[in-house]
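As stored in work07.csv (CSV, C-alpha atoms):
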```csv
chain,number,residue,atom,x,y,z
T,18,MET,CA,205.4,-24.6,116.6
T,19,LYS,CA,208.7,-25.6,118.0
T,20,ALA,CA,210.2,-26.0,114.6
T,21,ARG,CA,208.8,-22.6,113.5
T,22,ALA,CA,210.3,-20.8,116.4
T,23,VAL,CA,213.7,-22.4,115.9
T,24,VAL,CA,213.7,-21.6,112.2
T,25,ALA,CA,212.4,-18.1,112.7
T,26,LEU,CA,215.0,-17.2,115.3
T,27,SER,CA,217.7,-18.8,113.3
T,28,LEU,CA,216.8,-16.9,110.2
T,29,ALA,CA,216.5,-13.7,112.1
T,30,CYS,CA,220.0,-14.2,113.5
T,31,LEU,CA,221.2,-14.8,109.9
T,32,GLY,CA,219.4,-11.6,108.7
T,33,GLY,CA,217.5,-13.6,106.1
T,34,ALA,CA,213.9,-13.0,107.2
T,35,ALA,CA,213.6,-9.3,107.0
T,36,GLY,CA,211.8,-9.2,103.7
T,37,SER,CA,209.3,-11.9,104.4
T,38,PRO,CA,205.8,-10.6,105.2
T,39,ALA,CA,205.1,-13.5,107.5
T,40,ALA,CA,208.2,-12.8,109.5
T,41,GLN,CA,207.3,-9.2,110.1
T,42,GLU,CA,204.3,-9.8,112.3
T,43,PRO,CA,204.1,-12.2,115.1
T,44,GLY,CA,201.0,-14.3,115.4
T,45,VAL,CA,199.6,-17.2,113.4
T,46,GLY,CA,201.2,-16.8,109.9
T,47,VAL,CA,199.9,-16.1,106.5
T,48,GLY,CA,199.1,-19.4,104.8
T,49,ALA,CA,198.0,-21.2,108.0
T,50,ALA,CA,194.5,-22.4,108.5
T,51,ALA,CA,192.4,-20.0,110.6
T,52,PRO,CA,191.8,-21.5,114.0
T,53,ALA,CA,188.0,-22.1,114.4
T,54,VAL,CA,187.7,-21.4,118.1
T,55,ARG,CA,184.7,-20.6,120.3
T,56,VAL,CA,184.2,-17.1,121.7
T,57,HIS,CA,181.2,-15.3,123.0
T,58,ASP,CA,178.9,-12.6,121.9
T,59,LEU,CA,178.0,-9.6,124.1
T,60,GLU,CA,175.1,-11.5,125.5
T,61,GLY,CA,177.3,-14.4,126.6
T,62,ARG,CA,176.2,-16.8,124.0
T,63,SER,CA,178.8,-19.1,122.6
T,64,VAL,CA,179.9,-18.3,119.0
T,65,ASP,CA,182.0,-20.8,117.0
T,66,LEU,CA,184.2,-19.1,114.5
T,67,ALA,CA,183.7,-22.2,112.3
T,68,ARG,CA,180.4,-20.6,111.6
T,69,TYR,CA,182.2,-18.1,109.4
T,70,ILE,CA,185.6,-19.6,108.5
T,71,GLY,CA,185.5,-21.3,105.1
T,72,LYS,CA,182.1,-20.0,104.2
T,73,LYS,CA,183.1,-16.5,103.0
T,74,PRO,CA,186.1,-14.3,103.4
T,75,LEU,CA,186.5,-13.0,106.9
T,76,PHE,CA,188.0,-9.8,108.3
T,77,LEU,CA,188.9,-10.1,112.0
T,78,GLU,CA,190.1,-7.3,114.2
T,79,PHE,CA,191.2,-7.8,117.8
T,80,TRP,CA,190.3,-4.7,119.5
T,81,ALA,CA,189.5,-2.9,122.8
T,82,THR,CA,187.7,0.3,123.7
T,83,TRP,CA,190.9,1.8,125.2
T,84,CYS,CA,193.0,1.0,122.1
T,85,GLU,CA,194.1,4.2,120.4
T,86,LEU,CA,195.5,2.4,117.4
T,87,CYS,CA,192.1,0.7,116.9
T,88,GLU,CA,190.5,4.2,116.9
T,89,GLU,CA,193.1,5.3,114.4
T,90,LEU,CA,192.4,2.3,112.2
T,91,MET,CA,188.6,2.7,112.4
T,92,PRO,CA,188.2,4.9,109.3
T,93,ARG,CA,190.1,2.4,107.2
T,94,VAL,CA,187.9,-0.5,108.5
T,95,ARG,CA,184.8,1.6,107.9
T,96,ALA,CA,185.9,2.3,104.3
T,97,ALA,CA,186.8,-1.4,103.8
T,98,GLN,CA,183.4,-2.5,105.1
T,99,ALA,CA,181.6,-0.1,102.8
T,100,THR,CA,183.5,-1.5,99.8
T,101,TYR,CA,183.7,-5.2,100.6
T,102,GLY,CA,181.0,-5.7,103.2
T,103,SER,CA,178.7,-7.6,100.8
T,104,ASP,CA,181.4,-10.2,100.1
T,105,VAL,CA,183.4,-10.3,103.3
T,106,GLU,CA,182.2,-10.9,106.9
T,107,PHE,CA,183.6,-8.2,109.2
T,108,ILE,CA,184.0,-9.2,112.8
T,109,GLY,CA,185.6,-7.4,115.7
T,110,ILE,CA,186.8,-9.6,118.6
T,111,ASN,CA,187.0,-7.6,121.8
T,112,VAL,CA,190.0,-8.9,123.7
T,113,THR,CA,188.1,-8.2,127.0
T,114,VAL,CA,191.3,-7.2,128.9
T,115,ASN,CA,190.4,-4.2,131.1
T,116,GLN,CA,186.9,-4.2,129.6
T,117,SER,CA,183.4,-5.0,130.6
T,118,ARG,CA,180.4,-5.9,128.5
T,119,ASP,CA,178.7,-2.6,129.5
T,120,ARG,CA,181.7,-0.6,128.5
T,121,VAL,CA,181.8,-2.3,125.1
T,122,ARG,CA,178.1,-1.8,124.6
T,123,ARG,CA,178.4,1.9,125.4
T,124,TYR,CA,181.3,2.2,123.0
T,125,ILE,CA,179.3,0.4,120.2
T,126,GLU,CA,176.4,2.7,120.8
T,127,THR,CA,178.6,5.8,120.5
T,128,HIS,CA,181.1,4.8,117.8
T,129,LYS,CA,179.1,2.3,115.8
T,130,PRO,CA,182.1,0.2,114.6
T,131,PRO,CA,181.6,-1.4,111.2
T,132,PHE,CA,181.7,-4.9,112.4
T,133,LYS,CA,179.9,-7.6,114.4
T,134,THR,CA,181.3,-7.6,117.9
T,135,LEU,CA,182.3,-10.7,119.7
T,136,TYR,CA,183.6,-10.8,123.3
T,137,ASP,CA,186.5,-13.2,124.0
T,138,ASP,CA,186.3,-13.3,127.8
T,139,GLU,CA,188.2,-16.6,128.0
T,140,GLY,CA,191.0,-15.5,125.6
T,141,THR,CA,190.6,-18.5,123.4
T,142,SER,CA,191.0,-16.6,120.1
T,143,THR,CA,193.7,-14.3,121.5
T,144,ARG,CA,195.8,-17.4,122.3
T,145,ALA,CA,194.8,-19.4,119.1
T,146,TYR,CA,195.7,-16.5,116.8
T,147,GLU,CA,198.7,-15.5,119.0
T,148,VAL,CA,197.5,-11.9,119.0
T,149,PRO,CA,200.5,-9.6,119.6
T,150,ALA,CA,198.5,-6.4,120.1
T,151,THR,CA,195.1,-4.8,119.9
T,152,SER,CA,194.4,-3.4,116.3
T,153,TYR,CA,195.6,-6.8,115.1
T,154,VAL,CA,193.8,-7.7,111.8
T,155,VAL,CA,193.6,-11.2,110.3
T,156,ILE,CA,192.0,-11.6,106.9
T,157,VAL,CA,190.9,-15.2,106.1
T,158,ASP,CA,190.1,-16.2,102.5
T,159,ARG,CA,187.1,-18.2,101.4
T,160,SER,CA,189.0,-21.5,101.8
T,161,GLY,CA,189.7,-20.7,105.5
T,162,THR,CA,193.4,-19.8,105.0
T,163,ILE,CA,194.9,-16.7,106.6
T,164,ALA,CA,195.7,-14.3,103.8
T,165,TYR,CA,196.9,-11.3,105.9
T,166,THR,CA,197.9,-10.3,109.4
T,167,GLY,CA,199.0,-6.9,110.6
T,168,SER,CA,198.6,-4.4,113.4
T,169,GLY,CA,198.7,-0.6,113.8
T,170,GLY,CA,196.6,2.3,112.8
T,171,SER,CA,197.8,2.7,109.2
T,172,GLN,CA,197.6,-0.8,107.8
T,173,ASP,CA,196.8,-1.2,104.2
T,174,PHE,CA,194.7,-4.3,103.8
T,175,ASP,CA,192.7,-3.1,100.8
T,176,PRO,CA,194.6,-5.2,98.2
T,177,VAL,CA,194.1,-8.4,100.2
T,178,LEU,CA,190.5,-7.6,100.7
T,179,ARG,CA,190.0,-6.9,97.1
T,180,ARG,CA,191.7,-10.2,96.2
T,181,VAL,CA,189.9,-12.4,98.7
T,182,SER,CA,186.5,-10.8,97.9
T,183,GLN,CA,187.1,-11.8,94.3
T,184,ASN,CA,188.3,-15.2,95.3
T,185,LYS,CA,191.6,-14.8,93.5
T,186,PRO,CA,194.9,-16.5,94.4
T,187,PRO,CA,197.6,-14.5,96.2
T,188,SER,CA,199.6,-12.1,94.1
T,189,ARG,CA,203.2,-10.7,94.6
T,190,GLN,CA,201.8,-7.3,95.5
T,191,ASP,CA,200.0,-8.8,98.6
C,237,MET,CA,211.1,-21.1,127.5
C,238,ARG,CA,211.6,-24.6,126.1
C,239,LEU,CA,211.8,-23.1,122.6
C,240,TYR,CA,214.5,-20.8,123.7
C,241,THR,CA,217.4,-23.2,124.2
C,242,PRO,CA,217.3,-25.1,120.9
C,243,ALA,CA,216.5,-22.0,119.0
C,244,LEU,CA,219.5,-20.1,120.3
C,245,THR,CA,221.8,-23.1,120.1
C,246,LEU,CA,220.7,-23.8,116.5
C,247,ALA,CA,221.1,-20.1,115.6
C,248,ALA,CA,224.6,-20.1,117.0
C,249,LEU,CA,225.5,-23.3,115.1
C,250,LEU,CA,224.1,-21.9,111.9
C,251,LEU,CA,226.0,-18.7,112.3
C,252,GLY,CA,229.2,-20.7,112.6
C,253,ALA,CA,230.9,-17.7,114.1
C,254,VAL,CA,230.8,-18.8,117.7
C,255,PRO,CA,233.7,-20.8,119.1
C,256,ALA,CA,232.9,-24.2,120.6
C,257,GLN,CA,233.6,-23.1,124.1
C,258,ALA,CA,231.4,-20.0,123.7
C,259,GLN,CA,228.6,-22.2,122.2
C,260,LYS,CA,228.9,-24.4,125.3
C,261,ASP,CA,228.8,-21.4,127.6
C,262,SER,CA,225.9,-19.9,125.7
C,263,THR,CA,223.9,-23.1,126.1
C,264,VAL,CA,224.7,-23.1,129.9
C,265,LYS,CA,223.7,-19.5,130.1
C,266,VAL,CA,220.4,-20.1,128.4
C,267,VAL,CA,219.6,-22.9,130.8
C,268,LEU,CA,220.3,-20.6,133.7
C,269,GLN,CA,218.1,-17.9,132.1
C,270,GLY,CA,215.0,-19.9,133.2
C,271,GLY,CA,214.8,-17.8,136.3
C,272,PRO,CA,214.0,-18.9,139.9
C,273,GLU,CA,211.4,-21.5,140.1
C,274,VAL,CA,208.4,-21.5,142.4
C,275,GLY,CA,209.5,-22.3,145.9
C,276,ARG,CA,213.0,-20.9,145.4
C,277,ARG,CA,214.2,-17.7,147.0
C,278,ALA,CA,213.8,-14.6,144.9
C,279,PRO,CA,217.2,-13.1,144.0
C,280,ASP,CA,217.5,-9.7,145.7
C,281,PHE,CA,218.1,-6.6,143.6
C,282,SER,CA,218.3,-2.9,143.8
C,283,LEU,CA,217.3,-0.6,140.9
C,284,PRO,CA,216.6,3.1,140.3
C,285,TRP,CA,212.9,3.9,139.9
C,286,ALA,CA,210.3,6.4,138.8
C,287,ASN,CA,206.6,6.7,139.2
C,288,LYS,CA,203.9,8.9,137.8
C,289,ASP,CA,205.1,11.8,140.1
C,290,GLY,CA,208.6,11.8,138.9
C,291,VAL,CA,212.0,10.1,139.2
C,292,GLY,CA,213.0,8.6,142.5
C,293,PRO,CA,216.1,9.8,144.4
C,294,VAL,CA,219.3,8.3,143.2
C,295,GLU,CA,220.3,7.5,146.8
C,296,SER,CA,217.1,5.6,147.4
C,297,PRO,CA,216.8,2.9,144.8
C,298,TYR,CA,214.1,0.3,145.1
C,299,GLN,CA,215.4,-2.7,147.1
C,300,LEU,CA,213.5,-6.0,147.0
C,301,ALA,CA,214.9,-6.9,150.4
C,302,SER,CA,213.2,-3.9,152.0
C,303,ASP,CA,209.8,-5.4,151.1
C,304,ARG,CA,210.4,-8.7,153.0
C,305,GLY,CA,207.2,-9.4,154.9
C,306,ARG,CA,205.0,-8.2,152.0
C,307,THR,CA,203.7,-9.8,148.9
C,308,VAL,CA,205.6,-8.4,145.9
C,309,VAL,CA,204.6,-8.6,142.2
C,310,VAL,CA,207.5,-8.1,139.8
C,311,ALA,CA,206.5,-7.6,136.2
C,312,PHE,CA,209.2,-7.6,133.5
C,313,TYR,CA,208.1,-6.1,130.2
C,314,PRO,CA,209.8,-5.1,126.9
C,315,ARG,CA,209.4,-1.4,126.6
C,316,ASP,CA,207.5,1.7,127.7
C,317,PHE,CA,204.9,3.1,125.3
C,318,THR,CA,204.7,0.0,123.1
C,319,LYS,CA,201.3,-1.6,122.3
C,320,GLY,CA,201.5,-4.7,124.5
C,321,CYS,CA,203.2,-2.9,127.5
C,322,THR,CA,200.6,-0.1,127.4
C,323,ALA,CA,197.8,-2.7,127.4
C,324,GLN,CA,199.4,-4.5,130.4
C,325,MET,CA,200.3,-1.4,132.5
C,326,ARG,CA,197.0,0.3,131.8
C,327,THR,CA,195.2,-2.9,133.0
C,328,PHE,CA,197.4,-3.1,136.1
C,329,ALA,CA,196.7,0.6,136.8
C,330,GLU,CA,193.0,0.6,136.2
C,331,GLN,CA,192.4,-2.7,138.0
C,332,TYR,CA,195.0,-2.3,140.6
C,333,ASP,CA,192.7,-2.9,143.6
C,334,SER,CA,191.1,-6.0,142.3
C,335,LEU,CA,194.2,-7.5,140.8
C,336,PHE,CA,196.6,-6.7,143.7
C,337,GLY,CA,195.2,-4.9,146.7
C,338,PRO,CA,196.6,-2.3,149.0
C,339,ASP,CA,199.1,-4.4,151.0
C,340,VAL,CA,200.9,-5.6,147.9
C,341,THR,CA,204.0,-4.0,146.3
C,342,VAL,CA,204.0,-4.0,142.5
C,343,VAL,CA,207.0,-3.1,140.4
C,344,GLY,CA,207.5,-3.1,136.7
C,345,ILE,CA,211.0,-3.6,135.2
C,346,SER,CA,212.2,-2.7,131.7
C,347,THR,CA,215.3,-1.4,130.1
C,348,ASP,CA,213.9,2.1,129.8
C,349,SER,CA,215.4,5.1,131.6
C,350,VAL,CA,213.8,6.4,134.7
C,351,THR,CA,212.9,9.6,132.8
C,352,THR,CA,211.0,7.6,130.2
C,353,HIS,CA,209.4,5.5,133.0
C,354,SER,CA,208.2,8.7,134.6
C,355,ARG,CA,206.5,9.9,131.4
C,356,PHE,CA,205.0,6.4,130.8
C,357,ALA,CA,203.7,6.1,134.3
C,358,ALA,CA,202.2,9.6,134.2
C,359,SER,CA,200.5,8.9,130.8
C,360,LEU,CA,198.7,5.9,132.2
C,361,GLY,CA,198.4,6.9,135.9
C,362,VAL,CA,200.4,3.9,136.9
C,363,PRO,CA,200.1,3.7,140.7
C,364,PHE,CA,203.4,1.8,141.3
C,365,ARG,CA,207.1,2.1,140.6
C,366,LEU,CA,208.7,1.3,137.3
C,367,LEU,CA,212.3,0.2,137.7
C,368,SER,CA,215.1,0.8,135.2
C,369,ASP,CA,217.4,-2.1,134.4
C,370,PRO,CA,219.3,-0.9,131.3
C,371,ASP,CA,222.0,-3.6,131.4
C,372,GLN,CA,219.4,-6.3,132.1
C,373,ARG,CA,221.3,-7.5,135.1
C,374,VAL,CA,218.1,-8.2,137.1
C,375,SER,CA,216.0,-9.5,134.1
C,376,LYS,CA,218.8,-12.0,133.4
C,377,GLN,CA,218.6,-13.3,137.0
C,378,TYR,CA,214.9,-13.7,136.5
C,379,GLY,CA,215.0,-15.4,133.1
C,380,SER,CA,213.4,-12.4,131.5
C,381,LYS,CA,216.1,-11.2,129.2
C,382,ASP,CA,215.3,-11.8,125.5
C,383,SER,CA,217.8,-12.1,122.7
C,384,GLY,CA,217.1,-8.7,121.3
C,385,GLY,CA,218.1,-6.5,124.2
C,386,TYR,CA,214.6,-6.1,125.7
C,387,ASN,CA,212.9,-7.9,128.4
C,388,ARG,CA,210.4,-10.7,127.9
C,389,ARG,CA,207.0,-10.3,129.4
C,390,THR,CA,207.1,-12.3,132.6
C,391,VAL,CA,205.5,-11.9,136.0
C,392,TYR,CA,206.6,-13.2,139.4
C,393,VAL,CA,204.7,-13.2,142.7
C,394,ILE,CA,207.0,-13.2,145.7
C,395,GLY,CA,205.7,-14.2,149.1
C,396,PRO,CA,206.4,-12.3,152.4
C,397,ASP,CA,209.1,-14.9,153.1
C,398,GLY,CA,211.0,-13.8,150.0
C,399,LYS,CA,210.2,-17.0,148.0
C,400,ILE,CA,208.7,-17.3,144.6
C,401,ARG,CA,205.1,-18.3,144.9
C,402,TYR,CA,204.0,-17.9,141.2
C,403,ARG,CA,205.6,-17.1,137.9
C,404,ASN,CA,204.4,-16.7,134.4
C,405,LEU,CA,207.3,-16.7,132.0
C,406,LYS,CA,205.1,-15.9,129.0
C,407,PHE,CA,202.6,-13.4,130.3
C,408,ASN,CA,200.2,-12.5,127.5
C,409,ALA,CA,199.1,-8.9,127.9
C,410,LEU,CA,196.0,-9.5,125.9
C,411,ASP,CA,194.8,-12.8,127.5
C,412,PRO,CA,192.2,-12.3,130.2
C,413,GLN,CA,193.2,-15.6,131.7
C,414,ALA,CA,196.7,-14.4,132.3
C,415,TYR,CA,195.3,-11.6,134.6
C,416,SER,CA,192.9,-14.0,136.3
C,417,GLU,CA,195.7,-16.4,137.1
C,418,LEU,CA,197.8,-13.6,138.4
C,419,GLN,CA,195.0,-12.3,140.5
C,420,ALA,CA,194.4,-15.8,142.0
C,421,ALA,CA,198.1,-16.2,142.7
C,422,VAL,CA,198.3,-12.8,144.5
C,423,ARG,CA,195.2,-13.7,146.6
C,424,THR,CA,196.7,-17.1,147.5
C,425,THR,CA,200.0,-15.5,148.5
C,426,ARG,CA,198.4,-12.7,150.5
C,427,GLY,CA,196.2,-15.2,152.3
C,428,SER,CA,199.0,-17.6,153.1
```
Represent the supplied structure as structure tokens.
Amino acid sequence: MKARAVVALSLACLGGAAGSPAAQEPGVGVGAAAPAVRVHDLEGRSVDLARYIGKKPLFLEFWATWCELCEELMPRVRAAQATYGSDVEFIGINVTVNQSRDRVRRYIETHKPPFKTLYDDEGTSTRAYEVPATSYVVIVDRSGTIAYTGSGGSQDFDPVLRRVSQNKPPSRQD
Amino acid sequence: MRLYTPALTLAALLLGAVPAQAQKDSTVKVVLQGGPEVGRRAPDFSLPWANKDGVGPVESPYQLASDRGRTVVVAFYPRDFTKGCTAQMRTFAEQYDSLFGPDVTVVGISTDSVTTHSRFAASLGVPFRLLSDPDQRVSKQYGSKDSGGYNRRTVYVIGPDGKIRYRNLKFNALDPQAYSELQAAVRTTRGS
């Protein structure tokens, strides 16, 4: 961690990191092993992400009901789930800041997000994945390695989802 | 913060464009940028402000010294209208009573202008003042100035005696524990 921060800042000062996808987005980087931490579901039951990581490709979105970018992103997530949902597990981790379980339940009833919702009321996944913002998406391939990170309402994760769902190695286009 | 010193020092060395004395000065400066520790007196400051109702009068800047006798929460943050800052300020606004309480002064500080602050505060219904520190004079005193011209996200709780009671130099706007810790620190300070 220390070495990564030093190198990242040094490269940034030298202007050499601008083109690197891993350097564009803070958080746990592409190529790292996805942290298998415990969070909760909406009923308060413990859920270990190890249950999913390394079993099949995983789409994680860190979200909140008040997040406008998450709202903006939702059609893309919905389309992705419709296309890749049989091969990829879609999970939305609610960051729980300024949230309550009831508020999240009401949101789910109304908006029917296309993912299984988990509730990280202890912030373990937020810290482990170094989540910089809501709408942050992490895609994990079948081996448990992070294949994509990004945030914002107009992310294009389709190529990565296509690849990980077919269990292919990374390409230059990703 | 520990990462900061070696990172900046290495960056300066790699760049090779910084004279030896400046490198030495920069190292010293970085050490000083740690900000006042818990138990130390909070450096006084005076800054222009805005709230959700508009921009404060130029002749009446916010002065920390005028809040002696009260608990004060000072939150440095990078920039109005960005994702993390919106999450943080929205949470502060919507959970104001449970996080802080009526007898606490809360101020947010960024490099944004008071005009931008006013729009930002109005957009979220922020019930406290946002202070403008464009040259980062105050954020530097509090170890909250980053290398890119913005503030780092830090939070200080200052007791009625003007001393630092709590600080989080890496406040994570999306971590519920960060808010719980802050809430506990405010309660302890108010009760002391």
Determine, counting only C-alpha atoms, which protein, DNA and RNA residues have an atom within 8 Å of an atom of Leu178 of chain T; residues of the same chain fewer than 3 positions away are not included. Present the result as an mmCIF file with C-alpha atoms, in the frame of the given file.
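New file selection_21.cif:
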```cif
data_model
loop_
_atom_site.group_PDB
_atom_site.id
_atom_site.type_symbol
_atom_site.label_atom_id
_atom_site.label_comp_id
_atom_site.auth_asym_id
_atom_site.auth_seq_id
_atom_site.Cartn_x
_atom_site.Cartn_y
_atom_site.Cartn_z
ATOM 1 C CA ALA T 97 186.800 -1.400 103.800
ATOM 2 C CA TYR T 101 183.700 -5.200 100.600
ATOM 3 C CA ILE T 156 192.000 -11.600 106.900
ATOM 4 C CA PHE T 174 194.700 -4.300 103.800
ATOM 5 C CA ASP T 175 192.700 -3.100 100.800
ATOM 6 C CA VAL T 181 189.900 -12.400 98.700
ATOM 7 C CA SER T 182 186.500 -10.800 97.900
#
```
What does the distance between atom CA of Ala323 of chain C and atom CA of His57 of chain T come to in Å, to one decimal place? 21.3 Å
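Remark: for Thr322 of chain C, the closest of the candidate residues T:Thr141, T:Ser63, T:Thr151, T:Gly169 is T:Thr151 (distances computed over all atoms listed in the file).
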So how far away is atom CA of Asn111 of chain T from atom CA of Val154 of chain T, in Å?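 Pair atom CA of Val154 of chain T / atom CA of Asn111 of chain T returns 12.1 Å.
Around the coordinate (207.1, -2.3, 130.8), residues that reach within 7 Å when counting all atoms listed in the file are C:Phe312, C:Tyr313, C:Pro314, C:Arg315, C:Asp316, C:Cys321, C:Gly344, C:Ile345, C:Ser346.
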